[in-house]
>>> print(open('structure-v8.tsv').read())   # TSV, C-alpha atoms and all ligand atoms
chain	number	residue	atom	x	y	z
G	1	MET	CA	-37.73	-10.35	63.01
G	2	SER	CA	-37.14	-7.98	60.13
G	3	LYS	CA	-39.87	-7.50	57.59
G	4	ILE	CA	-39.84	-9.24	54.20
G	5	ASP	CA	-37.99	-7.01	51.72
G	6	VAL	CA	-40.12	-5.79	48.82
G	7	THR	CA	-37.75	-3.36	47.06
G	8	HIS	CA	-34.34	-5.03	46.78
G	9	VAL	CA	-35.31	-6.87	43.60
G	10	MET	CA	-36.51	-3.57	42.11
G	11	VAL	CA	-33.21	-1.83	42.91
G	12	GLU	CA	-31.42	-4.72	41.17
G	13	GLU	CA	-33.58	-4.25	38.05
G	14	HIS	CA	-32.70	-0.54	38.07
G	15	LYS	CA	-29.03	-1.51	37.78
G	16	LEU	CA	-29.62	-3.28	34.45
G	17	ILE	CA	-31.77	-0.38	33.21
G	18	LEU	CA	-28.99	2.07	34.13
G	19	ARG	CA	-26.47	-0.03	32.18
G	20	MET	CA	-28.63	0.26	29.05
G	21	ILE	CA	-29.00	3.99	29.69
G	22	ALA	CA	-25.20	4.37	29.88
G	23	LEU	CA	-24.88	2.55	26.54
G	24	LEU	CA	-27.53	4.79	25.05
G	25	GLU	CA	-25.74	7.91	26.24
G	26	ASN	CA	-22.38	6.70	24.94
G	27	ASN	CA	-23.75	5.72	21.54
G	28	VAL	CA	-25.68	8.99	21.13
G	29	THR	CA	-22.46	10.92	21.73
G	30	ARG	CA	-20.60	8.73	19.23
G	31	MET	CA	-23.43	9.05	16.69
G	32	GLU	CA	-23.27	12.85	16.88
G	33	ALA	CA	-19.50	12.70	16.40
G	34	GLY	CA	-20.04	10.62	13.23
G	35	ARG	CA	-18.55	7.48	14.77
G	36	PHE	CA	-21.69	5.42	15.25
G	37	ARG	CA	-24.27	4.42	12.63
G	38	ASP	CA	-25.76	1.27	14.10
G	39	TRP	CA	-29.42	2.31	13.91
G	40	ARG	CA	-30.39	-1.21	15.01
G	41	PHE	CA	-28.87	-0.47	18.41
G	42	PHE	CA	-31.50	2.22	18.98
G	43	LEU	CA	-34.28	-0.20	18.07
G	44	ASP	CA	-32.78	-2.79	20.44
G	45	ALA	CA	-32.65	-0.11	23.15
G	46	VAL	CA	-36.33	0.65	22.46
G	47	ASP	CA	-37.11	-3.06	22.68
G	48	PHE	CA	-35.24	-3.30	26.02
G	49	ILE	CA	-36.96	-0.23	27.43
G	50	ARG	CA	-40.44	-1.36	26.34
G	51	ASN	CA	-40.21	-4.96	27.41
G	52	TYR	CA	-37.79	-4.94	30.32
G	53	ALA	CA	-37.99	-1.45	31.82
G	54	ASP	CA	-41.66	-0.81	31.08
G	55	ARG	CA	-43.71	-4.00	30.68
G	56	PHE	CA	-41.64	-5.95	33.21
G	57	HIS	CA	-40.23	-3.52	35.81
G	58	HIS	CA	-42.76	-0.69	35.64
G	59	ALA	CA	-45.61	-3.17	35.61
G	60	LYS	CA	-44.33	-4.66	38.89
G	61	GLU	CA	-44.24	-1.17	40.36
G	62	GLU	CA	-47.65	-0.14	39.05
G	63	ASP	CA	-49.49	-3.39	39.77
G	64	VAL	CA	-47.80	-4.41	43.02
G	65	LEU	CA	-45.56	-1.94	44.84
G	66	PHE	CA	-47.33	1.36	44.15
G	67	LYS	CA	-50.68	-0.35	44.55
G	68	ALA	CA	-49.63	-1.57	48.00
G	69	LEU	CA	-48.56	1.95	48.95
G	70	VAL	CA	-51.94	3.35	47.93
G	71	ASP	CA	-53.76	0.49	49.69
G	72	ASN	CA	-51.80	1.40	52.81
G	73	GLY	CA	-52.60	5.06	52.96
G	74	MET	CA	-50.57	6.91	50.32
G	75	PRO	CA	-52.87	9.17	48.26
G	76	GLN	CA	-53.25	8.22	44.60
G	77	ASP	CA	-53.28	11.84	43.37
G	78	ASN	CA	-50.72	14.60	44.09
G	79	SER	CA	-48.43	12.06	45.70
G	80	PRO	CA	-45.05	10.46	45.08
G	81	VAL	CA	-46.84	7.57	43.39
G	82	ALA	CA	-48.61	9.98	41.02
G	83	ALA	CA	-45.27	11.61	40.15
G	84	MET	CA	-43.69	8.21	39.42
G	85	LEU	CA	-46.62	7.18	37.20
G	86	LEU	CA	-46.35	10.44	35.27
G	87	ALA	CA	-42.64	9.78	34.63
G	88	HIS	CA	-43.42	6.25	33.35
G	89	ASP	CA	-45.81	7.86	30.89
G	90	GLN	CA	-43.43	10.63	29.81
G	91	GLY	CA	-40.76	7.99	29.16
G	92	ARG	CA	-43.09	6.22	26.73
G	93	GLY	CA	-43.32	9.40	24.64
G	94	PHE	CA	-39.54	9.76	24.30
G	95	VAL	CA	-39.24	6.09	23.38
G	96	ARG	CA	-41.88	6.32	20.64
G	97	ALA	CA	-40.11	9.32	19.09
G	98	MET	CA	-36.67	7.68	19.31
G	99	GLU	CA	-38.07	4.56	17.64
G	100	GLU	CA	-39.57	6.57	14.81
G	101	GLY	CA	-36.26	8.37	14.21
G	102	ALA	CA	-34.33	5.09	14.16
G	103	HIS	CA	-36.81	3.51	11.72
G	104	ARG	CA	-36.53	6.50	9.41
G	105	ALA	CA	-32.73	6.43	9.62
G	106	LEU	CA	-32.79	2.71	8.77
G	107	ASP	CA	-34.96	3.53	5.76
G	108	GLY	CA	-32.28	5.94	4.60
G	109	GLU	CA	-34.03	9.17	5.54
G	110	SER	CA	-31.59	11.94	6.46
G	111	GLY	CA	-31.87	14.35	9.38
G	112	GLN	CA	-32.74	11.73	11.98
G	113	ILE	CA	-29.65	12.08	14.18
G	114	PRO	CA	-30.96	15.11	16.11
G	115	VAL	CA	-34.35	13.41	16.54
G	116	ILE	CA	-32.79	10.26	17.96
G	117	ALA	CA	-30.35	12.25	20.12
G	118	GLU	CA	-32.92	14.65	21.54
G	119	ASN	CA	-35.36	11.92	22.52
G	120	ALA	CA	-32.69	9.55	23.81
G	121	ARG	CA	-31.29	12.34	26.00
G	122	GLY	CA	-34.78	13.22	27.20
G	123	TYR	CA	-35.32	9.62	28.21
G	124	ILE	CA	-31.88	9.31	29.81
G	125	ALA	CA	-32.36	12.39	32.00
G	126	LEU	CA	-35.91	11.43	32.92
G	127	LEU	CA	-35.08	7.86	33.87
G	128	ARG	CA	-31.92	8.66	35.82
G	129	ASP	CA	-33.83	11.18	37.90
G	130	HIS	CA	-36.74	8.75	38.26
G	131	ILE	CA	-34.58	5.84	39.38
G	132	ASP	CA	-32.69	8.09	41.78
G	133	LYS	CA	-35.98	9.16	43.40
G	134	GLU	CA	-37.20	5.57	43.66
G	135	ASP	CA	-33.94	4.17	45.02
G	136	ASN	CA	-33.37	6.95	47.53
G	137	ILE	CA	-36.83	8.21	48.48
G	138	LEU	CA	-39.81	6.11	47.45
G	139	TYR	CA	-38.46	2.61	48.02
G	140	PRO	CA	-36.98	3.41	51.46
G	141	LEU	CA	-40.30	5.05	52.31
G	142	ALA	CA	-42.14	1.91	51.17
G	143	GLU	CA	-39.93	-0.25	53.40
G	144	ARG	CA	-40.74	2.03	56.34
G	145	VAL	CA	-44.49	2.39	55.89
G	146	LEU	CA	-45.69	-0.94	54.49
G	147	PRO	CA	-46.87	-3.28	57.22
G	148	GLU	CA	-45.79	-6.91	57.31
G	149	ALA	CA	-49.19	-8.30	56.30
G	150	PRO	CA	-49.17	-7.65	52.52
G	151	ARG	CA	-45.48	-8.36	51.94
G	152	ALA	CA	-45.52	-12.10	51.29
G	153	ALA	CA	-48.28	-11.62	48.72
G	154	MET	CA	-46.29	-8.81	47.09
G	155	VAL	CA	-43.24	-11.03	46.67
G	156	ALA	CA	-45.51	-13.76	45.27
G	157	ALA	CA	-46.96	-11.24	42.79
G	158	TYR	CA	-43.43	-10.30	41.66
G	159	ARG	CA	-42.68	-14.00	41.13
G	160	GLU	CA	-45.89	-14.40	39.14
G	161	ALA	CA	-44.94	-11.48	36.91
G	162	GLU	CA	-41.51	-13.05	36.35
G	163	ALA	CA	-43.08	-16.45	35.59
G	164	ARG	CA	-45.38	-14.89	32.99
G	165	THR	CA	-42.33	-13.99	30.89
G	166	PRO	CA	-39.83	-16.83	31.31
G	167	GLY	CA	-36.31	-16.06	30.10
G	168	LEU	CA	-37.01	-12.34	29.75
G	169	GLU	CA	-34.49	-11.22	32.34
G	170	ASP	CA	-31.73	-13.40	30.82
G	171	LYS	CA	-32.51	-12.26	27.31
G	172	TYR	CA	-32.20	-8.58	28.15
G	173	ARG	CA	-29.16	-9.06	30.38
G	174	ARG	CA	-27.45	-10.74	27.42
G	175	LEU	CA	-28.49	-7.90	25.11
G	176	VAL	CA	-26.90	-5.34	27.45
G	177	GLU	CA	-23.74	-7.46	27.79
G	178	THR	CA	-23.41	-7.85	24.03
G	179	TYR	CA	-23.52	-4.10	23.45
G	180	GLU	CA	-21.18	-3.46	26.38
G	181	GLN	CA	-18.63	-5.82	24.86
G	182	GLN	CA	-19.06	-4.12	21.50
G	183	ALA	CA	-18.47	-0.71	23.10
G	184	ALA	CA	-15.31	-1.96	24.84
G	185	ALA	CA	-13.88	-3.52	21.68
J	201	FE	FE	-40.69	3.64	38.21
J	202	FE	FE	-38.30	1.64	39.01
>>> encode(input="structure-v8.tsv", output="structure tokens", more="lines below")
Ligand SMILES: [Fe+2]
Ligand SMILES: [Fe+2]
Amino acid sequence: MSKIDVTHVMVEEHKLILRMIALLENNVTRMEAGRFRDWRFFLDAVDFIRNYADRFHHAKEEDVLFKALVDNGMPQDNSPVAAMLLAHDQGRGFVRAMEEGAHRALDGESGQIPVIAENARGYIALLRDHIDKEDNILYPLAERVLPEAPRAAMVAAYREAEARTPGLEDKYRRLVETYEQQAAA
């Protein structure tokens, strides 16, 4: 019998995160070309990243998946898990700076376009690289090395995290869809 899968759901969440990242990249380019002034979009992107990518998805990684890897022999320090945790943290810095730029722009302060663009691009590059490493290296490694024993409890812990924030996934999927439709119009 094959083992219970503990990463497929995480790969699926990456897909929604990557869709928001594509929107962010597209809108940054349009902003720099003078064709996009919807500062609210950047605050919505910050909201998505904080609540969906970070509090929801990264929390499942940090509290369940990475924890299981460490419990099953992966070192905590100088390890793939340590590198992933560092990237989660670096992402938070870019997001804070992007949010501040968008707030200032909304308040009518000039000169915020380069601030928003630089931090958005920093986040985009960081997260694409991060997701690529998880999808192609760390998650496949997790499927290979994690024994069967903890897997059912891991899936239950994912479900618990989802149940703590009912409707969150739908809300953020709709947000991404709304901006995608806007971009296509
Ligand atoms: Fe991650
Ligand atoms: Fe991830």
>>> residues_near_ligand(input="structure-v8.tsv", ligand="ligand FE 202 (chain J)", cutoff="12 Å", atoms="all atoms listed in the file", output="PyMOL selection string")
chain G and resi 7-18+49+52-62+64-66+81+84-85+87-88+91+126-139
>>> closest_residue(input="structure-v8.tsv", among="G:Glu180, G:Asp107, G:Asp89, G:Glu143", to="ligand FE 201 (chain J)", atoms="all atoms listed in the file")
G:Asp89
>>> closest_residue(input="structure-v8.tsv", among="G:Ala105, G:Glu25, G:Leu141, G:Ala161", to="Leu43 (chain G)", atoms="all atoms listed in the file")
G:Ala105
>>> atom_distance(input="structure-v8.tsv", atom1="CA of Ala142 (chain G)", atom2="CA of Gln90 (chain G)")
23.1 Å
>>> atom_distance(input="structure-v8.tsv", atom1="CA of Arg30 (chain G)", atom2="CA of Asn51 (chain G)")
25.3 Å
>>> closest_residue(input="structure-v8.tsv", among="G:Gly101, G:Pro150, G:Gly108, G:Pro140", to="Val46 (chain G)", atoms="only C-alpha atoms")
G:Gly101
>>> residues_around(input="structure-v8.tsv", residues="Asp38 (chain G)", least_positions_apart="2", cutoff="12 Å", atoms="all atoms listed in the file", output="PDB file with C-alpha atoms, keeping the file's coordinate frame")
ATOM      1  CA  LEU G  24     -27.530   4.790  25.050  1.00  0.00           C
ATOM      2  CA  ASN G  27     -23.750   5.720  21.540  1.00  0.00           C
ATOM      3  CA  VAL G  28     -25.680   8.990  21.130  1.00  0.00           C
ATOM      4  CA  ARG G  30     -20.600   8.730  19.230  1.00  0.00           C
ATOM      5  CA  MET G  31     -23.430   9.050  16.690  1.00  0.00           C
ATOM      6  CA  GLY G  34     -20.040  10.620  13.230  1.00  0.00           C
ATOM      7  CA  ARG G  35     -18.550   7.480  14.770  1.00  0.00           C
ATOM      8  CA  PHE G  36     -21.690   5.420  15.250  1.00  0.00           C
ATOM      9  CA  ARG G  40     -30.390  -1.210  15.010  1.00  0.00           C
ATOM     10  CA  PHE G  41     -28.870  -0.470  18.410  1.00  0.00           C
ATOM     11  CA  PHE G  42     -31.500   2.220  18.980  1.00  0.00           C
ATOM     12  CA  LEU G  43     -34.280  -0.200  18.070  1.00  0.00           C
ATOM     13  CA  ASP G  44     -32.780  -2.790  20.440  1.00  0.00           C
ATOM     14  CA  ALA G  45     -32.650  -0.110  23.150  1.00  0.00           C
ATOM     15  CA  ALA G 102     -34.330   5.090  14.160  1.00  0.00           C
ATOM     16  CA  HIS G 103     -36.810   3.510  11.720  1.00  0.00           C
ATOM     17  CA  ALA G 105     -32.730   6.430   9.620  1.00  0.00           C
ATOM     18  CA  LEU G 106     -32.790   2.710   8.770  1.00  0.00           C
ATOM     19  CA  ILE G 113     -29.650  12.080  14.180  1.00  0.00           C
ATOM     20  CA  TYR G 179     -23.520  -4.100  23.450  1.00  0.00           C
ATOM     21  CA  GLN G 182     -19.060  -4.120  21.500  1.00  0.00           C
ATOM     22  CA  ALA G 183     -18.470  -0.710  23.100  1.00  0.00           C
TER      23      ALA G 183
END
>>> atom_distance(input="structure-v8.tsv", atom1="CA of Asn72 (chain G)", atom2="CA of Arg144 (chain G)")
11.6 Å
>>> closest_residue(input="structure-v8.tsv", among="G:Pro80, G:Gly111, G:Gly93, G:Gly122", to="ligand FE 201 (chain J)", atoms="all atoms listed in the file")
G:Pro80
>>> closest_residue(input="structure-v8.tsv", among="G:Ile4, G:Ala184, G:Leu86, G:Ala163", to="ligand FE 201 (chain J)", atoms="all atoms listed in the file")
G:Leu86
>>> axis_aligned_box(input="structure-v8.tsv", around="region 175-181 of chain G", padding_each_side="5 Å", output="lines of an AutoDock Vina configuration file")
center_x = -23.6
center_y = -5.7
center_z = 25.6
size_x = 19.9
size_y = 14.4
size_z = 14.3
>>> decode(input="structure-v8.tsv", residues="region 36-152 of chain G", atoms="C-alpha atoms", output="CSV table (one decimal), in the first residue's frame")
chain,number,residue,atom,x,y,z
G,36,PHE,CA,-1.7,51.0,-13.4
G,37,ARG,CA,-2.6,53.1,-10.3
G,38,ASP,CA,-4.8,50.8,-8.3
G,39,TRP,CA,-2.8,51.1,-5.0
G,40,ARG,CA,-5.5,49.0,-3.3
G,41,PHE,CA,-4.4,46.0,-5.4
G,42,PHE,CA,-1.1,46.1,-3.6
G,43,LEU,CA,-2.8,46.1,-0.2
G,44,ASP,CA,-5.0,43.2,-1.3
G,45,ALA,CA,-1.9,41.4,-2.5
G,46,VAL,CA,-0.3,42.0,1.0
G,47,ASP,CA,-3.5,40.8,2.6
G,48,PHE,CA,-3.4,37.6,0.5
G,49,ILE,CA,0.3,37.0,1.2
G,50,ARG,CA,-0.1,37.5,4.9
G,51,ASN,CA,-3.2,35.5,5.5
G,52,TYR,CA,-3.1,32.9,2.8
G,53,ALA,CA,0.5,32.4,1.9
G,54,ASP,CA,2.0,33.1,5.4
G,55,ARG,CA,-0.5,32.5,8.2
G,56,PHE,CA,-2.3,29.6,6.4
G,57,HIS,CA,0.2,27.9,4.1
G,58,HIS,CA,3.5,28.7,5.8
G,59,ALA,CA,2.0,27.9,9.2
G,60,LYS,CA,1.1,24.4,7.9
G,61,GLU,CA,4.7,23.9,6.8
G,62,GLU,CA,6.2,25.3,9.9
G,63,ASP,CA,3.9,23.6,12.4
G,64,VAL,CA,3.3,20.3,10.7
G,65,LEU,CA,5.4,19.3,7.7
G,66,PHE,CA,8.8,20.8,8.6
G,67,LYS,CA,8.3,19.8,12.2
G,68,ALA,CA,7.7,16.2,11.1
G,69,LEU,CA,10.9,16.3,9.0
G,70,VAL,CA,12.9,17.5,12.0
G,71,ASP,CA,11.2,14.9,14.3
G,72,ASN,CA,12.3,12.3,11.8
G,73,GLY,CA,15.9,13.1,11.6
G,74,MET,CA,16.4,16.2,9.5
G,75,PRO,CA,18.6,18.7,11.4
G,76,GLN,CA,16.9,21.9,12.5
G,77,ASP,CA,20.0,24.1,11.7
G,78,ASN,CA,22.0,24.3,8.5
G,79,SER,CA,19.4,22.2,6.7
G,80,PRO,CA,16.9,22.5,4.0
G,81,VAL,CA,14.3,23.3,6.7
G,82,ALA,CA,16.4,26.1,8.0
G,83,ALA,CA,16.8,27.6,4.5
G,84,MET,CA,13.0,27.4,4.0
G,85,LEU,CA,12.3,29.1,7.3
G,86,LEU,CA,14.8,31.9,6.5
G,87,ALA,CA,13.0,32.5,3.2
G,88,HIS,CA,9.6,32.7,5.0
G,89,ASP,CA,11.1,35.4,7.2
G,90,GLN,CA,12.8,37.3,4.3
G,91,GLY,CA,9.4,37.4,2.5
G,92,ARG,CA,7.8,39.1,5.5
G,93,GLY,CA,10.3,42.0,5.2
G,94,PHE,CA,9.5,42.6,1.5
G,95,VAL,CA,5.8,42.5,2.3
G,96,ARG,CA,6.0,45.0,5.1
G,97,ALA,CA,8.0,47.4,2.8
G,98,MET,CA,5.5,47.0,-0.1
G,99,GLU,CA,2.6,47.6,2.2
G,100,GLU,CA,4.2,50.8,3.5
G,101,GLY,CA,4.8,52.1,0.0
G,102,ALA,CA,1.2,51.3,-1.0
G,103,HIS,CA,-0.2,53.1,2.0
G,104,ARG,CA,1.9,56.1,1.3
G,105,ALA,CA,0.9,56.1,-2.3
G,106,LEU,CA,-2.8,55.9,-1.2
G,107,ASP,CA,-2.2,58.9,1.0
G,108,GLY,CA,-1.0,60.8,-2.0
G,109,GLU,CA,2.7,60.7,-1.3
G,110,SER,CA,4.9,60.7,-4.4
G,111,GLY,CA,7.9,58.6,-5.2
G,112,GLN,CA,6.4,55.3,-4.0
G,113,ILE,CA,6.4,53.5,-7.3
G,114,PRO,CA,10.0,52.4,-7.1
G,115,VAL,CA,9.5,51.3,-3.4
G,116,ILE,CA,6.5,49.2,-4.3
G,117,ALA,CA,8.2,47.8,-7.4
G,118,GLU,CA,11.5,46.9,-5.8
G,119,ASN,CA,9.9,45.1,-2.8
G,120,ALA,CA,7.3,43.4,-5.0
G,121,ARG,CA,10.0,42.1,-7.3
G,122,GLY,CA,12.1,41.0,-4.3
G,123,TYR,CA,9.2,39.0,-3.0
G,124,ILE,CA,8.3,37.6,-6.4
G,125,ALA,CA,11.9,36.3,-7.0
G,126,LEU,CA,12.2,35.0,-3.5
G,127,LEU,CA,8.9,33.1,-3.5
G,128,ARG,CA,9.2,31.6,-7.0
G,129,ASP,CA,12.6,30.2,-6.1
G,130,HIS,CA,11.3,29.0,-2.7
G,131,ILE,CA,8.2,27.3,-4.2
G,132,ASP,CA,10.4,25.7,-6.8
G,133,LYS,CA,12.7,24.3,-4.2
G,134,GLU,CA,9.8,23.0,-2.1
G,135,ASP,CA,7.9,21.5,-5.1
G,136,ASN,CA,11.0,19.8,-6.6
G,137,ILE,CA,13.3,19.1,-3.8
G,138,LEU,CA,12.0,19.3,-0.2
G,139,TYR,CA,8.5,17.9,-0.7
G,140,PRO,CA,9.7,14.9,-2.8
G,141,LEU,CA,12.3,14.4,-0.1
G,142,ALA,CA,9.6,14.5,2.6
G,143,GLU,CA,7.6,11.9,0.8
G,144,ARG,CA,10.7,9.6,0.6
G,145,VAL,CA,11.9,10.0,4.1
G,146,LEU,CA,8.8,10.3,6.3
G,147,PRO,CA,7.7,7.0,7.7
G,148,GLU,CA,4.0,6.0,7.6
G,149,ALA,CA,3.4,6.4,11.3
G,150,PRO,CA,3.1,10.2,11.6
G,151,ARG,CA,1.2,10.8,8.3
G,152,ALA,CA,-2.4,10.4,9.4
